[in-house]
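Text of data_7.txt (compact mmCIF, C-alpha atoms and all ligand atoms) as supplied:
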# COMPACT_ATOMS: atom_id res chain seq x y z
CA MET A 1 16.22 6.15 12.20
CA LYS A 2 15.26 2.49 12.04
CA ILE A 3 14.47 1.21 8.56
CA LEU A 4 11.51 -1.17 8.22
CA LEU A 5 11.58 -1.84 4.48
CA GLU A 6 14.46 -1.45 2.09
CA ILE A 7 14.33 -2.15 -1.62
CA LYS A 8 17.63 -2.31 -3.44
CA ASP A 9 17.93 -2.11 -7.22
CA LEU A 10 14.81 -4.18 -7.85
CA TRP A 11 14.21 -5.47 -11.39
CA VAL A 12 10.99 -7.42 -11.94
CA GLU A 13 9.34 -9.09 -14.92
CA ILE A 14 5.91 -10.60 -15.54
CA GLU A 15 5.51 -13.24 -18.20
CA GLY A 16 8.78 -12.17 -19.78
CA LYS A 17 7.90 -8.45 -19.77
CA GLU A 18 10.20 -6.17 -17.80
CA ILE A 19 8.01 -4.07 -15.48
CA LEU A 20 10.19 -2.66 -12.69
CA LYS A 21 13.59 -1.31 -13.65
CA GLY A 22 15.93 -0.71 -10.75
CA ILE A 23 13.65 0.48 -7.92
CA ASN A 24 15.36 1.76 -4.77
CA LEU A 25 13.44 2.92 -1.75
CA SER A 26 13.53 2.73 2.00
CA ILE A 27 10.75 3.25 4.54
CA PRO A 28 11.68 4.00 8.15
CA VAL A 29 9.60 2.64 11.04
CA GLY A 30 6.57 4.89 11.58
CA GLU A 31 6.68 6.60 8.17
CA THR A 32 4.12 6.52 5.37
CA HIS A 33 5.20 6.93 1.78
CA VAL A 34 2.95 7.53 -1.22
CA ILE A 35 3.36 6.40 -4.83
CA PHE A 36 2.04 8.35 -7.82
CA GLY A 37 2.18 7.21 -11.40
CA LYS A 38 -0.02 6.87 -14.44
CA ASN A 39 -1.91 3.70 -15.41
CA GLY A 40 0.39 0.82 -16.25
CA SER A 41 3.52 2.43 -14.78
CA GLY A 42 4.23 -0.47 -12.40
CA LYS A 43 2.73 0.65 -9.07
CA THR A 44 0.65 -2.45 -8.38
CA SER A 45 3.54 -4.61 -9.56
CA LEU A 46 5.78 -3.03 -6.93
CA LEU A 47 3.31 -3.76 -4.12
CA MET A 48 2.65 -7.30 -5.35
CA THR A 49 6.40 -7.93 -5.53
CA ILE A 50 6.89 -6.66 -1.96
CA MET A 51 4.12 -9.07 -0.89
CA GLY A 52 5.84 -11.87 -2.83
CA PHE A 53 3.34 -12.99 -5.46
CA PRO A 54 5.21 -15.47 -7.65
CA ALA A 55 3.96 -14.12 -11.01
CA TYR A 56 6.21 -11.11 -10.34
CA ARG A 57 9.67 -12.54 -10.96
CA VAL A 58 12.53 -10.75 -9.29
CA LYS A 59 15.37 -10.75 -11.83
CA HIS A 60 17.74 -8.69 -9.75
CA GLY A 61 17.81 -6.84 -6.44
CA LYS A 62 16.73 -7.37 -2.87
CA ILE A 63 13.81 -6.73 -0.55
CA ILE A 64 14.90 -6.31 3.06
CA PHE A 65 12.23 -6.27 5.80
CA LYS A 66 13.13 -5.76 9.47
CA GLY A 67 16.76 -6.30 8.48
CA GLU A 68 16.08 -9.68 6.87
CA ASP A 69 16.31 -10.54 3.18
CA ILE A 70 12.77 -11.68 2.27
CA THR A 71 13.22 -11.64 -1.52
CA ASP A 72 12.62 -15.38 -1.83
CA LEU A 73 9.96 -15.87 0.85
CA PRO A 74 6.38 -16.85 -0.11
CA PRO A 75 3.55 -14.35 0.63
CA TYR A 76 2.26 -16.16 3.75
CA GLU A 77 5.70 -15.99 5.37
CA ARG A 78 5.85 -12.27 4.61
CA ALA A 79 2.36 -11.82 6.10
CA LYS A 80 3.50 -13.62 9.26
CA LYS A 81 6.48 -11.29 9.50
CA GLY A 82 4.18 -8.27 9.44
CA ILE A 83 3.39 -7.23 5.87
CA GLY A 84 -0.25 -6.70 4.87
CA ILE A 85 -1.76 -5.69 1.54
CA MET A 86 -5.02 -4.14 0.38
CA PHE A 87 -5.53 -5.27 -3.19
CA GLN A 88 -6.62 -3.05 -6.05
CA ARG A 89 -8.85 -5.88 -7.29
CA PRO A 90 -9.27 -8.56 -4.60
CA PRO A 91 -10.86 -11.87 -5.59
CA THR A 92 -14.28 -13.11 -4.49
CA ILE A 93 -13.86 -16.07 -2.12
CA LYS A 94 -16.94 -18.22 -2.51
CA GLY A 95 -17.96 -20.33 0.48
CA VAL A 96 -15.82 -18.33 2.92
CA LYS A 97 -17.51 -15.79 5.14
CA LEU A 98 -15.81 -12.52 5.94
CA ARG A 99 -16.10 -13.49 9.62
CA ASP A 100 -14.05 -16.67 8.97
CA ILE A 101 -11.19 -14.77 7.37
CA LEU A 102 -11.27 -12.18 10.15
CA LYS A 103 -11.18 -14.94 12.77
CA LEU A 104 -8.07 -16.37 11.14
CA CYS A 105 -6.40 -12.95 11.02
CA ALA A 106 -7.40 -12.23 14.63
CA LYS A 107 -5.97 -15.48 15.99
CA GLU A 108 -2.77 -13.95 17.23
CA ASN A 109 -4.03 -10.45 17.92
CA ASN A 110 -6.95 -11.17 20.18
CA LEU A 111 -8.93 -8.33 18.64
CA LYS A 112 -12.69 -8.14 18.89
CA ILE A 113 -14.12 -8.65 15.41
CA GLU A 114 -17.70 -7.62 16.21
CA GLU A 115 -16.62 -4.45 17.97
CA LEU A 116 -14.33 -3.35 15.17
CA ALA A 117 -16.85 -4.17 12.41
CA GLN A 118 -19.52 -2.28 14.32
CA SER A 119 -17.35 0.80 14.75
CA PHE A 120 -17.13 1.04 10.94
CA GLY A 121 -20.78 0.11 10.34
CA PHE A 122 -19.83 -3.17 8.70
CA GLU A 123 -21.31 -5.83 11.00
CA GLU A 124 -24.02 -6.88 8.53
CA PHE A 125 -21.30 -8.01 6.11
CA LEU A 126 -19.60 -10.42 8.53
CA ASP A 127 -21.74 -13.37 7.48
CA ARG A 128 -21.52 -12.73 3.76
CA GLU A 129 -19.05 -14.53 1.52
CA VAL A 130 -15.89 -12.50 1.05
CA ASN A 131 -16.45 -9.84 -1.62
CA LYS A 132 -19.36 -11.76 -3.21
CA GLY A 133 -21.70 -9.10 -4.57
CA PHE A 134 -19.95 -6.39 -2.52
CA SER A 135 -20.08 -2.95 -4.12
CA GLY A 136 -16.80 -1.25 -4.99
CA GLY A 137 -16.82 0.81 -1.79
CA GLU A 138 -17.82 -2.20 0.35
CA ILE A 139 -14.87 -4.16 -1.02
CA LYS A 140 -12.53 -1.39 0.11
CA LYS A 141 -14.04 -1.43 3.62
CA SER A 142 -13.82 -5.21 3.79
CA GLU A 143 -10.15 -5.12 2.75
CA LEU A 144 -9.34 -2.46 5.36
CA LEU A 145 -11.21 -4.35 8.08
CA GLN A 146 -9.12 -7.45 7.32
CA LEU A 147 -5.95 -5.36 7.56
CA LEU A 148 -7.04 -3.76 10.83
CA ILE A 149 -7.50 -7.21 12.33
CA GLN A 150 -4.26 -8.53 10.82
CA ASN A 151 -2.50 -5.48 12.30
CA PRO A 152 0.62 -5.54 10.07
CA ASP A 153 3.70 -3.40 10.66
CA LEU A 154 3.95 -2.54 6.98
CA VAL A 155 0.67 -1.64 5.30
CA LEU A 156 0.54 -1.76 1.49
CA LEU A 157 -2.54 0.01 0.10
CA ASP A 158 -3.34 -0.11 -3.60
CA GLU A 159 -5.70 2.76 -4.44
CA PRO A 160 -7.80 2.61 -1.27
CA GLU A 161 -10.05 5.43 -2.48
CA SER A 162 -10.96 4.30 -5.99
CA GLY A 163 -14.73 3.96 -6.43
CA VAL A 164 -15.52 5.30 -2.96
CA ASP A 165 -18.22 7.96 -2.52
CA VAL A 166 -17.56 11.24 -0.70
CA GLU A 167 -19.10 10.18 2.63
CA ASN A 168 -17.39 6.83 2.68
CA MET A 169 -14.08 8.47 1.77
CA GLN A 170 -14.10 9.95 5.24
CA LEU A 171 -14.70 6.55 6.81
CA ILE A 172 -11.99 4.96 4.68
CA GLY A 173 -9.67 7.81 5.69
CA GLU A 174 -10.40 7.10 9.37
CA MET A 175 -9.73 3.37 8.90
CA ILE A 176 -6.38 4.12 7.27
CA LYS A 177 -5.52 6.59 10.01
CA LYS A 178 -6.16 3.87 12.59
CA LEU A 179 -4.14 1.31 10.62
CA LEU A 180 -1.14 3.62 10.51
CA GLN A 181 -1.61 4.84 14.10
CA LYS A 182 -2.08 8.36 12.81
CA ASP A 183 -4.89 8.75 15.37
CA ILE A 184 -2.42 8.35 18.23
CA HIS A 185 -0.46 11.44 19.07
CA HIS A 186 1.17 10.61 22.35
CA LYS A 187 2.99 7.46 21.32
CA PRO A 188 5.82 6.95 18.84
CA ARG A 189 4.38 5.22 15.81
CA THR A 190 5.54 1.75 14.89
CA LYS A 191 3.48 1.23 11.75
CA SER A 192 4.66 2.13 8.27
CA GLY A 193 2.76 2.44 5.02
CA LEU A 194 3.22 2.46 1.27
CA ILE A 195 0.15 3.82 -0.47
CA ILE A 196 -0.76 4.12 -4.15
CA THR A 197 -3.11 6.97 -4.99
CA HIS A 198 -4.33 8.66 -8.15
CA THR A 199 -6.54 11.20 -6.44
CA GLY A 200 -4.25 12.25 -3.59
CA PHE A 201 -7.30 12.08 -1.29
CA ILE A 202 -5.34 10.15 1.29
CA LEU A 203 -3.02 13.13 1.82
CA LYS A 204 -5.93 14.91 3.53
CA TYR A 205 -6.25 12.21 6.14
CA ILE A 206 -2.70 11.19 6.91
CA ALA A 207 0.45 13.23 6.93
CA ALA A 208 2.49 11.24 4.42
CA ASP A 209 6.22 11.62 4.88
CA LEU A 210 7.50 11.06 1.34
CA GLY A 211 6.11 10.75 -2.17
CA TYR A 212 7.47 8.99 -5.27
CA VAL A 213 6.61 9.23 -8.93
CA ILE A 214 6.94 6.01 -10.91
CA ILE A 215 7.21 6.30 -14.67
CA ASP A 216 7.58 3.17 -16.78
CA GLY A 217 8.92 1.08 -13.90
CA GLU A 218 11.40 3.64 -12.58
CA ILE A 219 11.26 6.12 -9.72
CA TYR A 220 11.62 9.52 -11.33
CA CYS A 221 11.14 11.77 -8.38
CA LYS A 222 10.84 11.74 -4.63
CA GLY A 223 9.98 14.47 -2.18
CA ASN A 224 7.17 16.22 -0.35
CA PRO A 225 4.02 14.28 -1.34
CA ILE A 226 1.73 17.32 -1.46
CA GLU A 227 4.16 19.29 -3.62
CA ILE A 228 4.58 16.31 -5.95
CA PHE A 229 0.82 15.84 -6.24
CA GLU A 230 0.29 19.52 -7.00
CA GLY A 231 3.07 19.35 -9.59
CA ILE A 232 1.44 16.36 -11.30
CA GLN A 233 -1.91 18.18 -11.40
CA LYS A 234 -0.25 21.21 -12.94
CA TYR A 235 2.35 19.74 -15.28
CA GLY A 236 1.32 16.08 -15.71
CA TYR A 237 3.69 13.11 -15.59
CA GLU A 238 5.64 14.49 -18.55
CA GLY A 239 6.49 17.43 -16.31
CA CYS A 240 7.95 14.98 -13.77
CA LYS A 241 10.29 13.62 -16.42
CA LYS A 242 11.56 17.09 -17.27
CA CYS A 243 12.04 17.86 -13.60
CA LEU A 244 14.42 14.90 -13.19
CA LYS A 245 17.54 16.93 -13.89
CA ARG A 246 16.66 19.34 -11.15
CA PHE A 247 16.02 16.49 -8.72
CA ASN A 248 19.44 14.97 -9.44
CA PHE A 249 21.02 18.32 -8.80
CA LEU A 250 19.11 18.71 -5.52
CA SER A 251 20.00 15.23 -4.28
CA GLU A 252 23.67 15.77 -5.12
CA THR A 253 23.65 18.94 -3.09
CA GLY A 254 21.68 17.31 -0.29
CA GLY A 255 18.51 19.32 -1.07
N1 LIG A 301 0.39 -10.98 -16.49
C1 LIG A 301 0.85 -9.94 -17.21
N2 LIG A 301 1.30 -10.12 -18.47
C2 LIG A 301 1.77 -9.07 -19.19
N3 LIG A 301 1.83 -7.82 -18.73
C3 LIG A 301 1.40 -7.59 -17.49
C4 LIG A 301 0.89 -8.63 -16.65
N4 LIG A 301 0.55 -8.10 -15.46
C5 LIG A 301 0.81 -6.78 -15.56
N5 LIG A 301 1.32 -6.48 -16.75
C6 LIG A 301 1.70 -5.13 -17.26
O1 LIG A 301 2.58 -4.51 -16.38
C7 LIG A 301 2.42 -3.10 -16.47
C8 LIG A 301 2.34 -2.53 -15.06
O2 LIG A 301 1.11 -2.93 -14.47
P1 LIG A 301 0.66 -2.46 -13.03
O3 LIG A 301 -0.57 -3.20 -12.68
O4 LIG A 301 1.81 -2.57 -12.10
O5 LIG A 301 0.35 -0.90 -13.30
P2 LIG A 301 -0.22 0.22 -12.32
O6 LIG A 301 0.82 1.29 -12.26
O7 LIG A 301 -0.66 -0.37 -11.05
O8 LIG A 301 -1.46 0.79 -13.15
P3 LIG A 301 -2.94 1.29 -12.69
O9 LIG A 301 -2.78 2.71 -12.24
O10 LIG A 301 -3.75 1.19 -13.94
O11 LIG A 301 -3.42 0.37 -11.62
C9 LIG A 301 1.18 -2.87 -17.32
O12 LIG A 301 1.58 -2.48 -18.61
C10 LIG A 301 0.49 -4.22 -17.33
O13 LIG A 301 -0.26 -4.44 -18.52
MG MG A 302 -2.47 -0.66 -10.17
Can the structure from this file be put into structure tokens for me?
Ligand SMILES: Nc1ncnc2c1ncn2[C@@H]1O[C@H](COP(=O)(O)OP(=O)(O)OP(=O)(O)O)[C@@H](O)[C@H]1O
Ligand SMILES: [Mg+2]
Amino acid sequence: MKILLEIKDLWVEIEGKEILKGINLSIPVGETHVIFGKNGSGKTSLLMTIMGFPAYRVKHGKIIFKGEDITDLPPYERAKKGIGIMFQRPPTIKGVKLRDILKLCAKENNLKIEELAQSFGFEEFLDREVNKGFSGGEIKKSELLQLLIQNPDLVLLDEPESGVDVENMQLIGEMIKKLLQKDIHHKPRTKSGLIITHTGFILKYIAADLGYVIIDGEIYCKGNPIEIFEGIQKYGYEGCKKCLKRFNFLSETGG
């Protein structure tokens, strides 16, 4: 099994505050993993650190992507190597049309912007400034369209479903399926994903391979994403903490 992303004992702080405390995870090529965790637990910080935003200071540990240590690389180098992110709260970029950004992203991929935008009913937004006045759901579509054109090997999605209505959820689900090649059955997948979700909606659209629970900057649990999500709904995040002993036992016995 080829590993695309490996995170080893990652400790991160923001403005002197310790946020991530010894994160270990590894995502094989073609797999999608899902992160659960309550507000403020460090989920966004983990994604932003993988992308390399300098506010997130790595105090200890390594991020290995395609076998290369990228811990000290700036975000644009990581993007070039094949990492793409959908932000939880992307900025408005005044004076820059969505079409311009898409053209930049498409440079190396030779993808047809109009065609893709049209297939998701988003062509009327191409000549608007990026995110300016976009509704919550439109921002999500715009972010996913940019990722589809960028075509990264590792897709980082920070709450792709938040603020999206029921009908658009389906569309967003289809866009994510396409991004992660979940719509292709006959070909081995090469794309991997790491997705943050509070609602678990994404589990209906893509068969996620592994789920994690982050509590206060630490991974407390990993396993079948659907089982974990059902457990959280039933017992809450406190229940995850109590379950830790059992998980240690299972991992020691290979379960
Ligand atoms: N610039 C900063 N200065 C101080 N604390 C920060 C800063 N940025 C983030 N934090 C803190 O880091 C913690 C983790 O934040 P993070 O955004 O990773 O949480 P999250 O798990 O994504 O939460 P949510 O589900 O609400 O999106 C929070 O307590 C947050 O207030
Ligand atoms: Mg967040």
Counting only C-alpha atoms, find the residues whose atoms lie at most 10 Å from (13.5, 0.1, -11.0) (file coordinates) and write them out as a list in words.
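The residues that fall inside the cut-off are Ile7, Lys8, Asp9, Leu10, Trp11, Val12, Glu18, Ile19, Leu20, Lys21, Gly22, Ile23, Asn24, Leu25, Gly42, Leu46, His60, Gly61, Ile214, Ile215, Asp216, Gly217, Glu218, Ile219 and Tyr220 of chain A.
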Around ligand LIG 301 (chain A), out to 7 Å and counting all atoms listed in the file, which residues are there? I want them as an MDAnalysis selection string.
chainID A and resid 14:15 17 19 37:46
If I put a ball of radius 7 Å at (16.7, -4.8, 9.9) in the file's coordinates, which residues poke into it when counting only C-alpha atoms, written as number ranges by chain?
A: 3-4, 65-68
Min atom-atom distance to A:Ile70 from the set A:Phe36, A:Pro28, A:Glu6, A:Leu179, counting all atoms listed in the file, belongs to A:Glu6
Quick one: contact table of stretch 14-80 of chain A to stretch 181-204 of chain A, 6 Å max, nearest atom pair and distance in Å to one decimal per residue, counting all atoms listed in the file, chain and number order, as a Markdown table?
| residue | atom | partner | partner_atom | distance |
| --- | --- | --- | --- | --- |
| A:Val29 | CA | A:Thr190 | CA | 5.7 |
| A:Gly30 | CA | A:Thr190 | CA | 4.7 |
| A:Glu31 | CA | A:Ser192 | CA | 4.9 |
| A:Thr32 | CA | A:Gly193 | CA | 4.3 |
| A:His33 | CA | A:Leu194 | CA | 4.9 |
| A:Val34 | CA | A:Ile195 | CA | 4.7 |
| A:Ile35 | CA | A:Ile196 | CA | 4.8 |
Kindly give the distance, in Å, that separates atom CA of A:Leu156 and atom CA of A:Leu210, rounded to a single decimal.
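A separation of 14.6 Å between them.
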Using all atoms listed in the file, which residue out of A:Met169, A:Ala106, A:Leu180, A:Leu157 lies closest to ligand MG 302 (chain A)?
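For ligand MG 302 (chain A), the nearest of the given residues is A:Leu157.
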The distance between atom CA of A:Leu47 and atom CA of A:Lys132 is 24.1 Å
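Of the residues under consideration (A:Met86, A:Ile232, A:Met1, A:Ile64), A:Met86 shows the shortest atom-to-atom contact distance to ligand MG 302 (chain A) when counting only C-alpha atoms and all ligand atoms.
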Mind dumping stretch 78-98 of chain A from that block, keeping N, CA, C and O atoms, as a PDB file, in the first residue's frame?
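Saved as result09.pdb:
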ATOM      1  N   ARG A  78       3.722  23.397  -1.890  1.00  0.00           N
ATOM      2  CA  ARG A  78       2.913  22.213  -1.569  1.00  0.00           C
ATOM      3  C   ARG A  78       1.793  22.061  -2.605  1.00  0.00           C
ATOM      4  O   ARG A  78       1.468  20.950  -3.009  1.00  0.00           O
ATOM      5  N   ALA A  79       1.212  23.209  -3.021  1.00  0.00           N
ATOM      6  CA  ALA A  79       0.155  23.150  -4.037  1.00  0.00           C
ATOM      7  C   ALA A  79       0.723  22.574  -5.333  1.00  0.00           C
ATOM      8  O   ALA A  79       0.092  21.737  -5.975  1.00  0.00           O
ATOM      9  N   LYS A  80       1.931  23.018  -5.688  1.00  0.00           N
ATOM     10  CA  LYS A  80       2.548  22.510  -6.928  1.00  0.00           C
ATOM     11  C   LYS A  80       2.789  21.013  -6.854  1.00  0.00           C
ATOM     12  O   LYS A  80       2.729  20.313  -7.855  1.00  0.00           O
ATOM     13  N   LYS A  81       3.086  20.534  -5.652  1.00  0.00           N
ATOM     14  CA  LYS A  81       3.365  19.098  -5.492  1.00  0.00           C
ATOM     15  C   LYS A  81       2.092  18.258  -5.485  1.00  0.00           C
ATOM     16  O   LYS A  81       2.143  17.038  -5.510  1.00  0.00           O
ATOM     17  N   GLY A  82       0.920  18.949  -5.376  1.00  0.00           N
ATOM     18  CA  GLY A  82      -0.321  18.181  -5.489  1.00  0.00           C
ATOM     19  C   GLY A  82      -1.212  18.192  -4.262  1.00  0.00           C
ATOM     20  O   GLY A  82      -1.990  17.265  -4.059  1.00  0.00           O
ATOM     21  N   ILE A  83      -1.094  19.242  -3.433  1.00  0.00           N
ATOM     22  CA  ILE A  83      -2.016  19.351  -2.295  1.00  0.00           C
ATOM     23  C   ILE A  83      -2.971  20.523  -2.548  1.00  0.00           C
ATOM     24  O   ILE A  83      -2.535  21.606  -2.940  1.00  0.00           O
ATOM     25  N   GLY A  84      -4.261  20.292  -2.346  1.00  0.00           N
ATOM     26  CA  GLY A  84      -5.240  21.359  -2.550  1.00  0.00           C
ATOM     27  C   GLY A  84      -6.170  21.454  -1.348  1.00  0.00           C
ATOM     28  O   GLY A  84      -6.480  20.441  -0.723  1.00  0.00           O
ATOM     29  N   ILE A  85      -6.595  22.678  -1.032  1.00  0.00           N
ATOM     30  CA  ILE A  85      -7.443  22.849   0.160  1.00  0.00           C
ATOM     31  C   ILE A  85      -8.718  23.624  -0.157  1.00  0.00           C
ATOM     32  O   ILE A  85      -8.720  24.553  -0.966  1.00  0.00           O
ATOM     33  N   MET A  86      -9.798  23.208   0.466  1.00  0.00           N
ATOM     34  CA  MET A  86     -11.048  23.964   0.437  1.00  0.00           C
ATOM     35  C   MET A  86     -11.193  24.574   1.821  1.00  0.00           C
ATOM     36  O   MET A  86     -11.324  23.856   2.811  1.00  0.00           O
ATOM     37  N   PHE A  87     -11.159  25.899   1.883  1.00  0.00           N
ATOM     38  CA  PHE A  87     -11.156  26.568   3.177  1.00  0.00           C
ATOM     39  C   PHE A  87     -12.516  26.553   3.837  1.00  0.00           C
ATOM     40  O   PHE A  87     -13.550  26.572   3.162  1.00  0.00           O
ATOM     41  N   GLN A  88     -12.497  26.599   5.164  1.00  0.00           N
ATOM     42  CA  GLN A  88     -13.742  26.751   5.925  1.00  0.00           C
ATOM     43  C   GLN A  88     -14.290  28.167   5.709  1.00  0.00           C
ATOM     44  O   GLN A  88     -15.467  28.363   5.501  1.00  0.00           O
ATOM     45  N   ARG A  89     -13.385  29.147   5.742  1.00  0.00           N
ATOM     46  CA  ARG A  89     -13.783  30.539   5.518  1.00  0.00           C
ATOM     47  C   ARG A  89     -12.823  31.206   4.542  1.00  0.00           C
ATOM     48  O   ARG A  89     -11.896  31.908   4.957  1.00  0.00           O
ATOM     49  N   PRO A  90     -13.016  30.999   3.244  1.00  0.00           N
ATOM     50  CA  PRO A  90     -12.077  31.583   2.274  1.00  0.00           C
ATOM     51  C   PRO A  90     -12.253  33.102   2.182  1.00  0.00           C
ATOM     52  O   PRO A  90     -13.349  33.607   2.417  1.00  0.00           O
ATOM     53  N   PRO A  91     -11.185  33.814   1.853  1.00  0.00           N
ATOM     54  CA  PRO A  91     -11.299  35.270   1.756  1.00  0.00           C
ATOM     55  C   PRO A  91     -11.977  35.707   0.460  1.00  0.00           C
ATOM     56  O   PRO A  91     -12.043  34.952  -0.505  1.00  0.00           O
ATOM     57  N   THR A  92     -12.491  36.945   0.456  1.00  0.00           N
ATOM     58  CA  THR A  92     -12.974  37.562  -0.776  1.00  0.00           C
ATOM     59  C   THR A  92     -11.748  38.145  -1.476  1.00  0.00           C
ATOM     60  O   THR A  92     -10.909  38.767  -0.833  1.00  0.00           O
ATOM     61  N   ILE A  93     -11.651  37.937  -2.788  1.00  0.00           N
ATOM     62  CA  ILE A  93     -10.490  38.488  -3.503  1.00  0.00           C
ATOM     63  C   ILE A  93     -11.000  39.557  -4.465  1.00  0.00           C
ATOM     64  O   ILE A  93     -11.434  39.261  -5.583  1.00  0.00           O
ATOM     65  N   LYS A  94     -10.959  40.798  -3.993  1.00  0.00           N
ATOM     66  CA  LYS A  94     -11.506  41.889  -4.799  1.00  0.00           C
ATOM     67  C   LYS A  94     -10.650  42.128  -6.033  1.00  0.00           C
ATOM     68  O   LYS A  94      -9.426  42.060  -5.978  1.00  0.00           O
ATOM     69  N   GLY A  95     -11.309  42.402  -7.158  1.00  0.00           N
ATOM     70  CA  GLY A  95     -10.584  42.719  -8.388  1.00  0.00           C
ATOM     71  C   GLY A  95     -10.120  41.490  -9.162  1.00  0.00           C
ATOM     72  O   GLY A  95      -9.573  41.611 -10.247  1.00  0.00           O
ATOM     73  N   VAL A  96     -10.333  40.298  -8.596  1.00  0.00           N
ATOM     74  CA  VAL A  96      -9.930  39.072  -9.307  1.00  0.00           C
ATOM     75  C   VAL A  96     -11.169  38.247  -9.600  1.00  0.00           C
ATOM     76  O   VAL A  96     -11.919  37.890  -8.690  1.00  0.00           O
ATOM     77  N   LYS A  97     -11.392  37.997 -10.888  1.00  0.00           N
ATOM     78  CA  LYS A  97     -12.566  37.209 -11.267  1.00  0.00           C
ATOM     79  C   LYS A  97     -12.305  35.728 -11.034  1.00  0.00           C
ATOM     80  O   LYS A  97     -11.162  35.270 -11.162  1.00  0.00           O
ATOM     81  N   LEU A  98     -13.385  35.009 -10.747  1.00  0.00           N
ATOM     82  CA  LEU A  98     -13.256  33.567 -10.540  1.00  0.00           C
ATOM     83  C   LEU A  98     -12.601  32.925 -11.770  1.00  0.00           C
ATOM     84  O   LEU A  98     -11.733  32.065 -11.663  1.00  0.00           O
TER      85      LEU A  98
END
